[in-house]
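Engineer: Provided below: my_file.cif, containing mmCIF, C-alpha atoms.
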```
data_query
#
loop_
_atom_site.label_atom_id
_atom_site.label_comp_id
_atom_site.auth_asym_id
_atom_site.auth_seq_id
_atom_site.Cartn_x
_atom_site.Cartn_y
_atom_site.Cartn_z
CA MET A 22 -48.97 42.77 104.12
CA LYS A 23 -45.89 44.40 102.76
CA ASN A 24 -43.91 41.21 103.40
CA ARG A 25 -46.57 39.11 101.65
CA ILE A 26 -46.45 41.32 98.53
CA GLN A 27 -42.66 41.14 98.49
CA LYS A 28 -42.87 37.35 98.76
CA TRP A 29 -45.22 37.04 95.74
CA LEU A 30 -43.05 39.30 93.64
CA ASN A 31 -40.05 37.11 94.45
CA LEU A 32 -41.95 33.93 93.57
CA THR A 33 -43.15 35.45 90.24
CA LEU A 34 -39.58 36.48 89.30
CA ILE A 35 -38.28 33.01 90.16
CA ALA A 36 -41.01 31.35 88.03
CA PHE A 37 -40.27 33.61 85.06
CA LEU A 38 -36.56 32.86 85.23
CA ALA A 39 -37.28 29.16 85.52
CA VAL A 40 -39.46 29.25 82.40
CA PHE A 41 -36.87 31.30 80.46
CA ILE A 42 -33.99 29.02 81.37
CA PHE A 43 -35.49 25.53 81.41
CA VAL A 44 -38.31 25.64 78.83
CA PRO A 45 -37.15 25.62 75.05
CA ALA A 46 -38.20 28.62 73.09
CA HIS A 47 -40.76 27.90 70.26
CA ALA A 48 -39.94 29.55 66.97
CA ASP A 49 -42.42 31.23 64.67
CA SER A 50 -44.40 28.57 62.73
CA SER A 51 -43.57 30.34 59.43
CA THR A 52 -39.79 29.79 59.81
CA PRO A 53 -38.58 26.45 58.22
CA THR A 54 -36.76 23.94 60.30
CA THR A 55 -33.09 23.00 59.76
CA ALA A 56 -34.08 19.76 57.96
CA GLU A 57 -36.35 21.67 55.61
CA GLN A 58 -33.57 24.15 54.84
CA GLN A 59 -31.12 21.31 54.06
CA GLN A 60 -33.67 19.64 51.79
CA LYS A 61 -34.16 22.90 49.89
CA ILE A 62 -30.41 23.31 49.47
CA ASP A 63 -30.11 19.75 48.12
CA GLU A 64 -32.85 20.36 45.56
CA LEU A 65 -31.21 23.61 44.37
CA THR A 66 -27.81 21.89 44.09
CA LYS A 67 -29.36 19.14 41.97
CA GLN A 68 -31.02 21.70 39.70
CA ILE A 69 -27.73 23.58 39.27
CA ALA A 70 -25.94 20.34 38.35
CA GLN A 71 -28.64 19.52 35.76
CA MET A 72 -28.38 23.01 34.25
CA GLN A 73 -24.59 22.74 34.07
CA GLN A 74 -24.90 19.39 32.26
CA GLU A 75 -27.41 20.86 29.80
CA GLU A 76 -25.06 23.82 29.23
CA ALA A 77 -22.14 21.49 28.46
CA THR A 78 -24.29 19.45 26.05
CA LEU A 79 -25.49 22.56 24.19
CA LYS A 80 -21.92 23.91 23.91
CA ALA A 81 -20.73 20.61 22.43
CA LYS A 82 -23.55 20.59 19.87
CA LEU A 83 -22.81 24.22 18.97
CA LYS A 84 -19.10 23.41 18.45
CA ILE A 85 -19.95 20.55 16.09
CA ALA A 86 -22.49 22.65 14.20
CA THR A 87 -20.12 25.58 13.68
CA ALA A 88 -16.94 23.55 12.97
CA PRO A 89 -15.62 23.78 9.35
CA THR A 90 -16.09 20.71 7.16
CA PRO A 91 -12.82 18.75 7.25
CA VAL A 92 -10.89 18.70 3.94
CA ALA A 93 -9.48 15.32 2.94
CA THR A 94 -5.70 15.32 2.73
CA PRO A 95 -4.72 14.48 -0.87
CA ILE A 96 -2.63 11.35 -1.41
CA PRO A 97 0.80 12.46 -2.61
CA PRO A 98 1.89 11.30 -6.08
CA LEU A 99 3.96 8.13 -6.08
CA SER A 100 7.65 8.03 -6.97
CA SER A 101 7.11 5.55 -9.80
CA PRO A 102 7.10 5.98 -12.71
CA SER A 103 10.05 8.37 -12.55
CA MET A 104 9.26 11.83 -13.93
CA ASN A 105 11.90 14.25 -15.13
CA GLY A 106 9.37 17.08 -15.38
CA PRO A 107 7.74 19.34 -16.15
CA LEU A 108 4.62 17.14 -16.20
CA ALA A 109 3.50 16.23 -12.68
CA SER A 110 2.01 12.88 -11.66
CA GLN A 111 -1.43 12.80 -10.11
CA SER A 112 -2.48 11.28 -6.79
CA PRO A 113 -3.15 7.57 -7.26
CA ILE A 114 -6.56 5.95 -7.19
CA GLN A 115 -6.49 3.54 -4.24
CA LEU A 116 -8.40 0.31 -4.62
CA ASP A 117 -9.04 -2.43 -2.08
CA THR A 118 -9.52 -5.51 -4.24
CA GLY A 119 -10.74 -7.51 -1.25
CA LEU A 120 -9.08 -10.71 -2.40
CA PRO A 121 -9.90 -13.21 0.38
CA PHE A 122 -6.89 -15.45 -0.22
CA ILE A 123 -4.52 -12.55 0.59
CA SER A 124 -5.97 -12.28 4.08
CA THR A 125 -5.74 -16.05 4.49
CA ILE A 126 -2.11 -16.17 3.41
CA ALA A 127 -1.27 -13.14 5.54
CA LYS A 128 -2.28 -15.05 8.67
CA GLU A 129 0.58 -17.45 8.00
CA ILE A 130 2.96 -15.03 6.23
CA PRO A 131 2.36 -11.55 7.73
CA PHE A 132 4.60 -9.61 5.34
CA VAL A 133 2.33 -10.32 2.34
CA SER A 134 -0.56 -8.46 3.98
CA GLY A 135 -1.72 -5.46 1.99
CA LEU A 136 -1.01 -6.97 -1.42
CA ASP A 137 -4.69 -6.51 -2.22
CA GLN A 138 -4.37 -2.72 -1.61
CA ILE A 139 -3.41 -1.40 -5.07
CA ASP A 140 -2.62 2.13 -6.27
CA PHE A 141 -3.62 3.01 -9.84
CA ASN A 142 -2.40 5.75 -12.19
CA GLY A 143 -2.65 6.13 -15.92
CA VAL A 144 -1.91 8.24 -18.96
CA PHE A 145 -3.80 8.71 -22.19
CA SER A 146 -2.36 10.96 -24.90
CA ALA A 147 -2.37 11.56 -28.63
CA ILE A 148 0.33 13.03 -30.85
CA ALA A 149 0.40 14.82 -34.22
CA ILE A 150 3.71 15.12 -36.12
CA ALA A 151 4.91 17.00 -39.20
CA GLN A 152 8.50 16.78 -40.47
CA ASN A 153 10.66 17.33 -43.50
CA ASN A 154 13.16 14.84 -44.90
CA ALA A 155 11.38 11.86 -43.38
CA VAL A 156 13.65 8.82 -43.26
CA SER A 157 12.85 5.82 -45.39
CA GLY A 158 9.74 4.08 -44.07
CA ASP A 159 8.51 7.12 -42.13
CA LYS A 160 5.80 9.65 -43.06
CA THR A 161 5.88 13.43 -43.44
CA THR A 162 2.75 13.81 -41.30
CA ARG A 163 0.91 11.46 -38.96
CA VAL A 164 -1.49 11.34 -36.03
CA ASP A 165 -1.19 8.58 -33.44
CA MET A 166 -1.93 7.57 -29.88
CA SER A 167 1.31 8.11 -27.94
CA ASN A 168 0.17 6.58 -24.64
CA ALA A 169 -2.74 4.50 -23.38
CA GLN A 170 -1.17 3.01 -20.28
CA ILE A 171 -2.42 1.87 -16.88
CA ILE A 172 -0.05 1.66 -13.91
CA ALA A 173 -0.84 -0.59 -10.94
CA GLN A 174 1.51 -0.85 -8.00
CA LYS A 175 2.00 -1.55 -4.33
CA PRO A 176 4.80 0.84 -3.34
CA ASP A 177 5.19 -0.02 0.36
CA GLY A 178 5.70 -2.96 2.68
CA ILE A 179 8.17 -5.81 2.42
CA VAL A 180 6.60 -7.25 -0.73
CA GLN A 181 5.94 -4.70 -3.47
CA PHE A 182 5.16 -4.79 -7.18
CA TYR A 183 4.89 -2.50 -10.19
CA LEU A 184 2.96 -3.08 -13.43
CA GLN A 185 2.81 -0.67 -16.37
CA GLY A 186 0.96 -1.84 -19.44
CA GLY A 187 -0.94 -0.75 -22.51
CA ALA A 188 -0.07 0.98 -25.77
CA TYR A 189 2.83 3.39 -26.30
CA SER A 190 4.80 4.95 -29.14
CA ILE A 191 8.44 6.06 -29.39
CA PRO A 192 9.12 9.42 -31.06
CA ASP A 193 12.91 9.54 -31.35
CA LEU A 194 15.10 12.29 -32.80
CA GLY A 195 16.87 11.40 -36.02
CA ALA A 196 15.01 8.10 -36.41
CA ALA A 197 11.75 6.82 -37.83
CA TYR A 198 8.74 7.22 -35.55
CA VAL A 199 7.69 3.93 -33.91
CA THR A 200 3.90 3.91 -33.85
CA SER A 201 1.81 2.59 -30.99
CA GLY A 202 0.58 -0.14 -33.33
CA ARG A 203 4.12 -1.44 -33.92
CA ALA A 204 5.87 -0.71 -30.62
CA ASN A 205 4.35 -3.62 -28.70
CA SER A 206 5.52 -6.19 -31.23
CA LEU A 207 8.89 -4.60 -32.07
CA LEU A 208 9.98 -3.54 -28.59
CA TRP A 209 8.91 -4.65 -25.10
CA GLY A 210 5.39 -5.99 -25.50
CA PRO A 211 2.11 -4.78 -23.96
CA LEU A 212 3.56 -4.96 -20.42
CA PRO A 213 6.87 -3.14 -20.88
CA VAL A 214 7.59 -2.56 -17.18
CA ALA A 215 6.68 -5.24 -14.64
CA TYR A 216 8.62 -6.31 -11.58
CA LEU A 217 8.36 -7.75 -8.09
CA LYS A 218 10.30 -6.00 -5.32
CA ILE A 219 11.35 -7.25 -1.91
CA ALA A 220 12.29 -4.49 0.57
CA PRO A 221 13.21 -6.05 3.93
CA THR A 222 14.61 -2.74 5.23
CA SER A 223 14.15 0.94 4.42
CA ASN A 224 17.56 1.17 2.75
CA PHE A 225 17.84 -2.17 0.91
CA SER A 226 15.71 -3.82 -1.74
CA ILE A 227 15.95 -6.33 -4.56
CA GLU A 228 13.68 -6.48 -7.59
CA GLY A 229 13.27 -8.62 -10.68
CA GLY A 230 11.37 -8.49 -13.96
CA ASN A 231 11.17 -5.96 -16.78
CA LEU A 232 13.11 -3.03 -15.31
CA PRO A 233 13.72 0.55 -16.45
CA THR A 234 17.40 0.84 -17.34
CA LEU A 235 19.82 2.49 -14.94
CA ILE A 236 21.67 4.06 -17.87
CA GLY A 237 21.09 7.56 -19.25
CA ALA A 238 19.32 10.69 -18.09
CA GLU A 239 16.09 10.34 -20.09
CA TYR A 240 13.29 7.87 -19.46
CA THR A 241 11.55 5.74 -22.05
CA PHE A 242 8.03 7.15 -22.43
CA THR A 243 7.01 10.61 -23.60
CA PHE A 244 5.15 11.75 -20.47
CA GLN A 245 8.17 11.05 -18.22
CA ASN A 246 10.52 13.58 -19.82
CA THR A 247 11.14 17.27 -20.30
CA ASN A 248 10.80 16.81 -24.06
CA VAL A 249 8.29 14.68 -25.93
CA GLU A 250 10.93 13.09 -28.20
CA ARG A 251 13.91 11.08 -27.00
CA GLY A 252 17.33 12.43 -27.91
CA LEU A 253 20.38 11.41 -29.91
CA LEU A 254 22.24 10.16 -26.83
CA TRP A 255 19.22 8.07 -25.81
CA ASN A 256 19.54 6.25 -29.15
CA GLN A 257 22.78 4.67 -27.87
CA GLU A 258 21.30 3.44 -24.57
CA PRO A 259 19.17 0.49 -23.46
CA ALA A 260 15.68 1.53 -22.38
CA ILE A 261 14.14 -1.48 -20.64
CA SER A 262 16.03 -4.58 -19.54
CA ARG A 263 14.86 -7.86 -18.10
CA GLY A 264 16.81 -9.04 -15.07
CA VAL A 265 17.38 -8.54 -11.36
CA GLN A 266 18.52 -5.42 -9.52
CA ALA A 267 19.68 -4.68 -5.98
CA ASN A 268 19.36 -1.21 -4.44
CA TYR A 269 21.03 0.22 -1.35
CA THR A 270 21.10 3.67 0.26
CA LEU A 271 23.48 4.98 2.89
CA GLY A 272 22.89 8.58 3.90
CA PRO A 273 23.34 10.79 0.81
CA LEU A 274 24.64 7.86 -1.29
CA ALA A 275 22.44 5.52 -3.32
CA GLY A 276 23.65 2.58 -5.37
CA SER A 277 22.09 0.01 -7.68
CA LEU A 278 23.53 -3.04 -9.41
CA SER A 279 21.69 -5.02 -12.09
CA TRP A 280 22.28 -8.25 -14.03
CA ASN A 281 20.12 -8.17 -17.15
CA ASN A 282 19.71 -8.68 -20.90
CA GLY A 283 20.85 -5.19 -21.96
CA PHE A 284 18.84 -3.92 -24.91
CA TYR A 285 16.20 -6.59 -24.24
CA GLY A 286 18.21 -9.24 -26.04
CA SER A 287 18.20 -13.01 -25.75
CA GLU A 288 21.29 -13.31 -23.54
CA TYR A 289 21.53 -12.32 -19.86
CA THR A 290 25.13 -11.12 -20.03
CA TRP A 291 24.85 -7.43 -19.10
CA LEU A 292 25.97 -5.86 -15.85
CA SER A 293 24.98 -2.26 -15.09
CA GLY A 294 25.29 -0.08 -12.03
CA LEU A 295 24.57 3.37 -10.67
CA LEU A 296 26.10 5.40 -7.85
CA ALA A 297 24.32 8.66 -6.97
CA TRP A 298 25.39 11.28 -4.45
CA THR A 299 22.76 13.72 -3.19
CA ILE A 300 25.02 16.65 -2.36
CA ASN A 301 22.08 18.63 -0.96
CA PRO A 302 18.34 18.85 -1.75
CA THR A 303 19.02 20.74 -5.00
CA ASN A 304 22.21 19.09 -6.32
CA THR A 305 22.81 15.47 -7.33
CA LEU A 306 25.74 13.81 -9.08
CA ALA A 307 25.48 10.32 -10.60
CA LEU A 308 27.96 7.94 -12.20
CA VAL A 309 26.35 5.22 -14.33
CA GLY A 310 27.88 2.38 -16.28
CA GLY A 311 26.98 -0.82 -18.01
CA GLY A 312 28.17 -3.30 -20.58
CA ASN A 313 27.94 -6.75 -22.09
CA LEU A 314 30.29 -9.12 -20.26
CA GLY A 315 29.62 -11.82 -22.82
CA PHE A 316 28.59 -11.81 -26.47
CA THR A 317 25.19 -11.52 -28.13
CA LYS A 318 24.94 -12.42 -31.81
CA ASP A 319 21.18 -11.94 -32.21
CA ASN A 320 20.16 -8.80 -34.09
CA THR A 321 16.62 -7.41 -33.50
CA PHE A 322 14.87 -4.07 -33.78
CA ALA A 323 14.96 -3.61 -29.99
CA ALA A 324 18.48 -5.00 -29.61
CA PRO A 325 20.81 -4.23 -32.56
CA ASN A 326 23.83 -6.48 -32.13
CA THR A 327 26.34 -3.60 -32.29
CA LEU A 328 24.68 -1.71 -29.44
CA ASN A 329 23.86 -4.85 -27.49
CA ASN A 330 27.59 -5.70 -27.38
CA SER A 331 28.64 -2.23 -26.24
CA ASP A 332 29.82 -0.64 -23.00
CA LEU A 333 28.45 2.70 -21.75
CA VAL A 334 29.39 5.27 -19.12
CA ASN A 335 27.36 8.34 -18.02
CA LEU A 336 28.25 11.24 -15.75
CA ILE A 337 25.06 13.11 -14.85
CA TYR A 338 24.66 16.27 -12.79
CA THR A 339 21.21 17.53 -11.80
CA TYR A 340 20.29 20.92 -10.34
CA ASN A 341 16.65 21.07 -9.32
CA ASN A 342 15.46 24.15 -7.47
CA SER A 343 12.01 25.34 -8.53
CA PRO A 344 11.35 27.01 -10.88
CA LEU A 345 14.59 25.85 -12.58
CA MET A 346 15.83 22.37 -13.42
CA ILE A 347 19.05 21.92 -15.37
CA GLN A 348 20.76 18.63 -16.13
CA PRO A 349 24.02 18.42 -18.07
CA TYR A 350 25.43 14.97 -18.72
CA PHE A 351 28.17 13.21 -20.68
CA GLN A 352 28.16 9.82 -22.33
CA TRP A 353 30.80 7.50 -23.74
CA THR A 354 30.06 4.25 -25.52
CA TYR A 355 32.40 1.59 -26.87
CA VAL A 356 31.87 -1.37 -29.21
CA PRO A 357 34.85 -3.75 -29.34
CA HIS A 358 36.18 -5.35 -32.50
CA ASN A 359 34.10 -8.38 -33.38
CA SER A 360 34.03 -9.74 -36.93
CA GLU A 361 31.02 -11.98 -36.16
CA ILE A 362 28.78 -8.90 -36.06
CA GLY A 363 30.65 -6.90 -38.71
CA VAL A 364 32.68 -4.67 -36.39
CA PHE A 365 36.17 -4.87 -37.87
CA GLN A 366 37.43 -1.85 -35.96
CA SER A 367 36.62 -0.95 -32.37
CA THR A 368 34.23 2.00 -32.42
CA SER A 369 33.22 4.54 -29.80
CA THR A 370 30.95 7.55 -29.41
CA LEU A 371 31.36 10.58 -27.19
CA GLY A 372 28.50 12.96 -26.54
CA GLY A 373 27.07 15.52 -24.18
CA ALA A 374 23.69 17.09 -23.57
CA ILE A 375 22.00 19.77 -21.49
CA VAL A 376 18.35 19.29 -20.53
CA ALA A 377 16.59 22.17 -18.76
CA SER A 378 13.11 23.34 -17.82
CA TYR A 379 11.72 26.47 -16.22
CA ALA A 380 8.29 26.87 -14.60
CA LEU A 381 6.28 29.87 -15.80
CA PRO A 382 3.05 31.43 -14.46
CA TRP A 383 -0.42 30.23 -15.39
CA ASN A 384 0.43 26.50 -15.42
CA TRP A 385 3.02 26.86 -18.19
CA SER A 386 6.64 25.77 -18.31
CA ILE A 387 9.27 25.63 -21.01
CA GLY A 388 11.83 22.90 -21.55
CA GLY A 389 14.77 22.52 -23.86
CA ARG A 390 17.55 20.14 -24.81
CA PHE A 391 20.82 20.62 -26.66
CA GLU A 392 22.98 17.66 -27.70
CA TYR A 393 26.21 16.87 -29.50
CA ILE A 394 27.52 13.41 -30.31
CA GLY A 395 30.26 12.07 -32.57
CA GLN A 396 31.63 8.63 -33.38
CA THR A 397 35.06 7.34 -34.33
CA GLY A 398 36.11 5.59 -37.54
CA SER A 399 35.94 6.46 -41.20
CA THR A 400 34.31 5.10 -44.32
CA GLY A 401 35.97 1.85 -45.29
CA SER A 402 37.73 1.42 -41.92
CA GLY A 403 35.47 -1.38 -40.78
CA ALA A 404 34.11 0.69 -37.87
CA ALA A 405 30.53 0.10 -36.76
CA ASN A 406 27.85 2.55 -37.85
CA LEU A 407 26.54 3.90 -34.52
CA LEU A 408 25.29 7.27 -35.79
CA TYR A 409 25.14 8.49 -39.42
CA GLY A 410 28.08 6.55 -40.73
CA PRO A 411 31.62 6.00 -39.35
CA GLY A 412 33.24 9.28 -38.32
CA SER A 413 29.91 11.15 -38.40
CA GLN A 414 28.75 13.80 -35.94
CA ALA A 415 25.36 15.22 -35.08
CA MET A 416 23.81 17.89 -32.93
CA SER A 417 20.21 18.57 -31.98
CA PHE A 418 18.13 21.31 -30.43
CA THR A 419 14.63 20.78 -29.00
CA ILE A 420 12.25 23.22 -27.34
CA THR A 421 9.06 22.14 -25.60
CA PRO A 422 6.53 24.50 -23.96
CA THR A 423 4.21 22.58 -21.62
CA TYR A 424 0.79 23.46 -20.26
CA GLN A 425 -0.75 21.35 -17.48
CA TYR A 426 -3.97 22.03 -15.61
CA LYS A 427 -4.73 19.29 -13.10
CA LYS A 428 -5.02 16.11 -15.20
CA PHE A 429 -4.94 17.75 -18.64
CA PHE A 430 -1.74 18.62 -20.48
CA ALA A 431 -0.66 19.90 -23.90
CA ARG A 432 2.89 20.10 -25.25
CA PRO A 433 3.88 21.59 -28.60
CA GLU A 434 7.48 20.87 -29.64
CA VAL A 435 9.98 21.85 -32.32
CA SER A 436 13.23 19.95 -32.90
CA PHE A 437 16.18 20.26 -35.28
CA VAL A 438 18.90 17.71 -36.08
CA GLN A 439 22.05 18.52 -38.08
CA THR A 440 24.60 15.93 -39.18
CA VAL A 441 28.22 16.47 -40.22
CA ASP A 442 30.68 14.13 -41.97
CA ASN A 443 27.86 11.72 -42.61
CA THR A 444 27.81 8.80 -44.98
CA GLY A 445 25.50 9.16 -47.97
CA GLY A 446 22.46 6.96 -47.55
CA ASP A 447 22.63 6.99 -43.73
CA THR A 448 20.93 10.32 -42.95
CA PHE A 449 17.51 11.83 -43.78
CA GLY A 450 15.10 11.76 -46.68
CA ALA A 451 13.89 8.87 -48.77
CA GLN A 452 17.43 8.33 -50.12
CA GLY A 453 19.16 9.08 -46.82
CA ARG A 454 21.16 11.98 -48.25
CA ASN A 455 19.69 15.06 -46.54
CA PRO A 456 21.97 16.22 -43.68
CA ASN A 457 19.26 17.69 -41.44
CA GLN A 458 15.69 17.37 -40.30
CA ILE A 459 13.12 19.69 -38.72
CA ARG A 460 10.19 18.20 -36.84
CA GLY A 461 7.15 19.84 -35.25
CA LEU A 462 4.59 18.06 -33.08
CA ILE A 463 2.01 18.45 -30.39
CA GLU A 464 1.11 15.92 -27.73
CA THR A 465 -1.98 16.32 -25.59
CA GLY A 466 -3.78 14.11 -23.13
CA PHE A 467 -4.53 13.32 -19.49
CA LEU A 468 -2.57 12.06 -16.51
CA PHE A 469 -4.83 10.42 -13.95
#
```
Before anything else, please render the file you have as structure tokens.
Structural biologist:
Amino acid sequence: MKNRIQKWLNLTLIAFLAVFIFVPAHADSSTPTTAEQQQKIDELTKQIAQMQQEEATLKAKLKIATAPTPVATPIPPLSSPSMNGPLASQSPIQLDTGLPFISTIAKEIPFVSGLDQIDFNGVFSAIAIAQNNAVSGDKTTRVDMSNAQIIAQKPDGIVQFYLQGGAYSIPDLGAAYVTSGRANSLLWGPLPVAYLKIAPTSNFSIEGGNLPTLIGAEYTFTFQNTNVERGLLWNQEPAISRGVQANYTLGPLAGSLSWNNGFYGSEYTWLSGLLAWTINPTNTLALVGGGNLGFTKDNTFAAPNTLNNSDLVNLIYTYNNSPLMIQPYFQWTYVPHNSEIGVFQSTSTLGGAIVASYALPWNWSIGGRFEYIGQTGSTGSGAANLLYGPGSQAMSFTITPTYQYKKFFARPEVSFVQTVDNTGGDTFGAQGRNPNQIRGLIETGFLF
């Protein structure tokens, strides 16, 4: 019996071990299988990826919504027309004319592309003048339009152009005021400056047409200069000439050479040139010269035959470091003996001037000019009358405060001219016998 019990116990133990070893254990039905766990992980990963994408999208929208509104970068003012301060040019108005033939031509000639992209500027101004000892033909007081000009240009690319047209007047020290109604017919017409320019490289160009003169330190029109009126030295210089001009720059050196008609005469016999040295950003030195290599007999208001047969030399130094600009310069002119135009003795002038301006607070600046000029010869010597009679001398002083706020400007001005050793009948007043003149004026308008 005991052996039988022992035998059954052994068989039971062997059966239990067999079941434990060879039969797979069954997990609890509530525990997920490995496949189910992997599926759950995949679903969670997908949800996380979707949430991350939504987060990135929301952050991008938030960045756009909170970003500051971009401010358009203003177009810088163009270098033409030249401005001697203190008035500042405005950014140009850019216009795409959309001329279809330009695009057509550009397909065959690529360097003409962009000719339909034009920059516009303009100036409109009025002037009021009061003076004593008005010269014969002038008035003691007057009101006039000093500028109503539009400027259109293409200042870049291989083919460029510049057009400046409209009405203008010429207030000139020691001379009768040239009204805007007379200037077009007496001087350079309704399109005084107009030229085509070819610039194949960044340091060489050639241009032709009605060109601003290379000679002198003052420009032609009122808004371009420190003072409203042109000076006594300017009276001896050409202002606008028709011809061709080549320009070249090499480092700090810049040179120009022009073949033209001088004082806008009928003969193309003038040669003028300029060599400028930019010493550093604030200092420039320029040597300028020009003269008639032939002979011009015609005598017009724009081109008096004595001046149009002259030679001129300038030495100009410019210091420009805001708020101060100062520009001293010297000028020598020479008219050779020529009995055909009544010059029976060679005549010359020698003069000097200082032009300066200083920027003040609250959009104000103040400019001034001092000049002295004298000419050779004596009464009865046969010398040309280039000033106030042979052997005469003159000096002038001009002061011009300027206010400019954006496009608007206003410039009151006072000037004084004194003559010495003058010839009776060649100075001021209705009879030309007053030795001096005081002039007050105000010019106001808009640059746009």
Engineer: Kindly indicate which residue among A:Ser367, A:Asn248, A:Asn313, A:Asn256 lies nearest to Arg432 in chain A, using only C-alpha atoms for the distances.
Structural biologist: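 Residue with the minimum atom-to-atom distance to Arg432 in chain A: A:Asn248.
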Engineer: Near Thr354 in chain A, within 6 Å and counting only C-alpha atoms, which residues show up once chain neighbours fewer than 3 positions away are dropped, as a count of residues only?
Structural biologist: 4
Engineer: Please write the residues picked by the PyMOL selection byres ((chain A and resi 407) around 10) on this file as a list in words.
Structural biologist: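 That expression, the PyMOL selection byres ((chain A and resi 407) around 10), corresponds here to Asn256, Gln257, Thr327, Leu328, Thr354, Tyr355, Val356, Thr368, Ser369, Thr370, Gly395, Gln396, Thr397, Ala404, Ala405, Asn406, Leu408, Tyr409, Gly410, Pro411, Gly412 and Ser413 of chain A.
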Engineer: For the atom pair CA of Ser201 in chain A and CA of Leu468 in chain A, what is the interatomic distance in Å to one decimal place?
Structural biologist: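 CA of Leu468 in chain A lies 17.8 Å from CA of Ser201 in chain A.
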Engineer: Mind pulling up the distance from CA of Leu253 in chain A to CA of Asn455 in chain A?
Structural biologist: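 Spanning CA of Asn455 in chain A to CA of Leu253 in chain A is a straight-line distance of 17.0 Å.
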Engineer: Evaluate the PyMOL selection byres ((chain A and resi 239) around 8) and record the selected residues as a list of chain:residue names, following the chain and residue labels used in the document.
Structural biologist: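 Taken on the displayed file, the PyMOL selection byres ((chain A and resi 239) around 8) yields the residues A:Asn105, A:Gly237, A:Ala238, A:Tyr240, A:Thr241, A:Asn246, A:Arg251, A:Trp255.
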Engineer: One decimal, in Å: what's the spacing between CA of Ser103 in chain A and CA of Asp165 in chain A?
Structural biologist: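 Going from CA of Ser103 in chain A over to CA of Asp165 in chain A, I get 23.7 Å.
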Engineer: Could you pull the residues within 9 Å of Thr299 in chain A, counting only C-alpha atoms, minus those fewer than 6 positions along the same chain, as a PyMOL selection string?
Structural biologist: chain A and resi 272-275+305-307
Engineer: For Asp159 in chain A, which residue among A:Asp442, A:Val214, A:Gly450, A:Pro113 is the nearest when counting only C-alpha atoms?
Structural biologist: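 When distances to Asp159 in chain A are compared using only C-alpha atoms, the smallest one comes from A:Gly450.
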Engineer: Neighbourhood query: residues within 10 Å of (12.1, 2.7, -31.3), file coordinates, counting all atoms listed in the file; return as a ChimeraX atom specification.
Structural biologist: /A:190-193,196-200,203-204,207-208,241,251,256,260,322-323
Engineer: Out of A:Trp291, A:Ala220, A:Gln352, A:Gln452, which residue has the shortest atom-to-atom distance to Ala267 in chain A when counting all atoms listed in the file?
Structural biologist: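 Result for the nearest residue to Ala267 in chain A: A:Ala220.
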Engineer: Neighbours of Ile362 in chain A within 10 Å (all atoms listed in the file; same-chain residues fewer than 2 positions away dropped), as a ChimeraX atom specification?
Structural biologist: /A:317-320,325-327,330,358-360,364-365,405
Engineer: Leaving out range 417-429 of chain A and any residue of its chain fewer than 6 positions from it, which residues lie within 6 Å of it when counting all atoms listed in the file, given as an MDAnalysis selection string?
Structural biologist: chainID A and resid 248 384:392 435:438 466:469
Engineer: Restricting it to C-alpha atoms, dump the selection as an mmCIF file, keeping the file's coordinate frame.
Structural biologist:
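Result went into result.cif, see below:
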```cif
data_model
loop_
_atom_site.group_PDB
_atom_site.id
_atom_site.type_symbol
_atom_site.label_atom_id
_atom_site.label_comp_id
_atom_site.auth_asym_id
_atom_site.auth_seq_id
_atom_site.Cartn_x
_atom_site.Cartn_y
_atom_site.Cartn_z
ATOM 1 C CA ASN A 248 10.800 16.810 -24.060
ATOM 2 C CA ASN A 384 0.430 26.500 -15.420
ATOM 3 C CA TRP A 385 3.020 26.860 -18.190
ATOM 4 C CA SER A 386 6.640 25.770 -18.310
ATOM 5 C CA ILE A 387 9.270 25.630 -21.010
ATOM 6 C CA GLY A 388 11.830 22.900 -21.550
ATOM 7 C CA GLY A 389 14.770 22.520 -23.860
ATOM 8 C CA ARG A 390 17.550 20.140 -24.810
ATOM 9 C CA PHE A 391 20.820 20.620 -26.660
ATOM 10 C CA GLU A 392 22.980 17.660 -27.700
ATOM 11 C CA VAL A 435 9.980 21.850 -32.320
ATOM 12 C CA SER A 436 13.230 19.950 -32.900
ATOM 13 C CA PHE A 437 16.180 20.260 -35.280
ATOM 14 C CA VAL A 438 18.900 17.710 -36.080
ATOM 15 C CA GLY A 466 -3.780 14.110 -23.130
ATOM 16 C CA PHE A 467 -4.530 13.320 -19.490
ATOM 17 C CA LEU A 468 -2.570 12.060 -16.510
ATOM 18 C CA PHE A 469 -4.830 10.420 -13.950
#
```
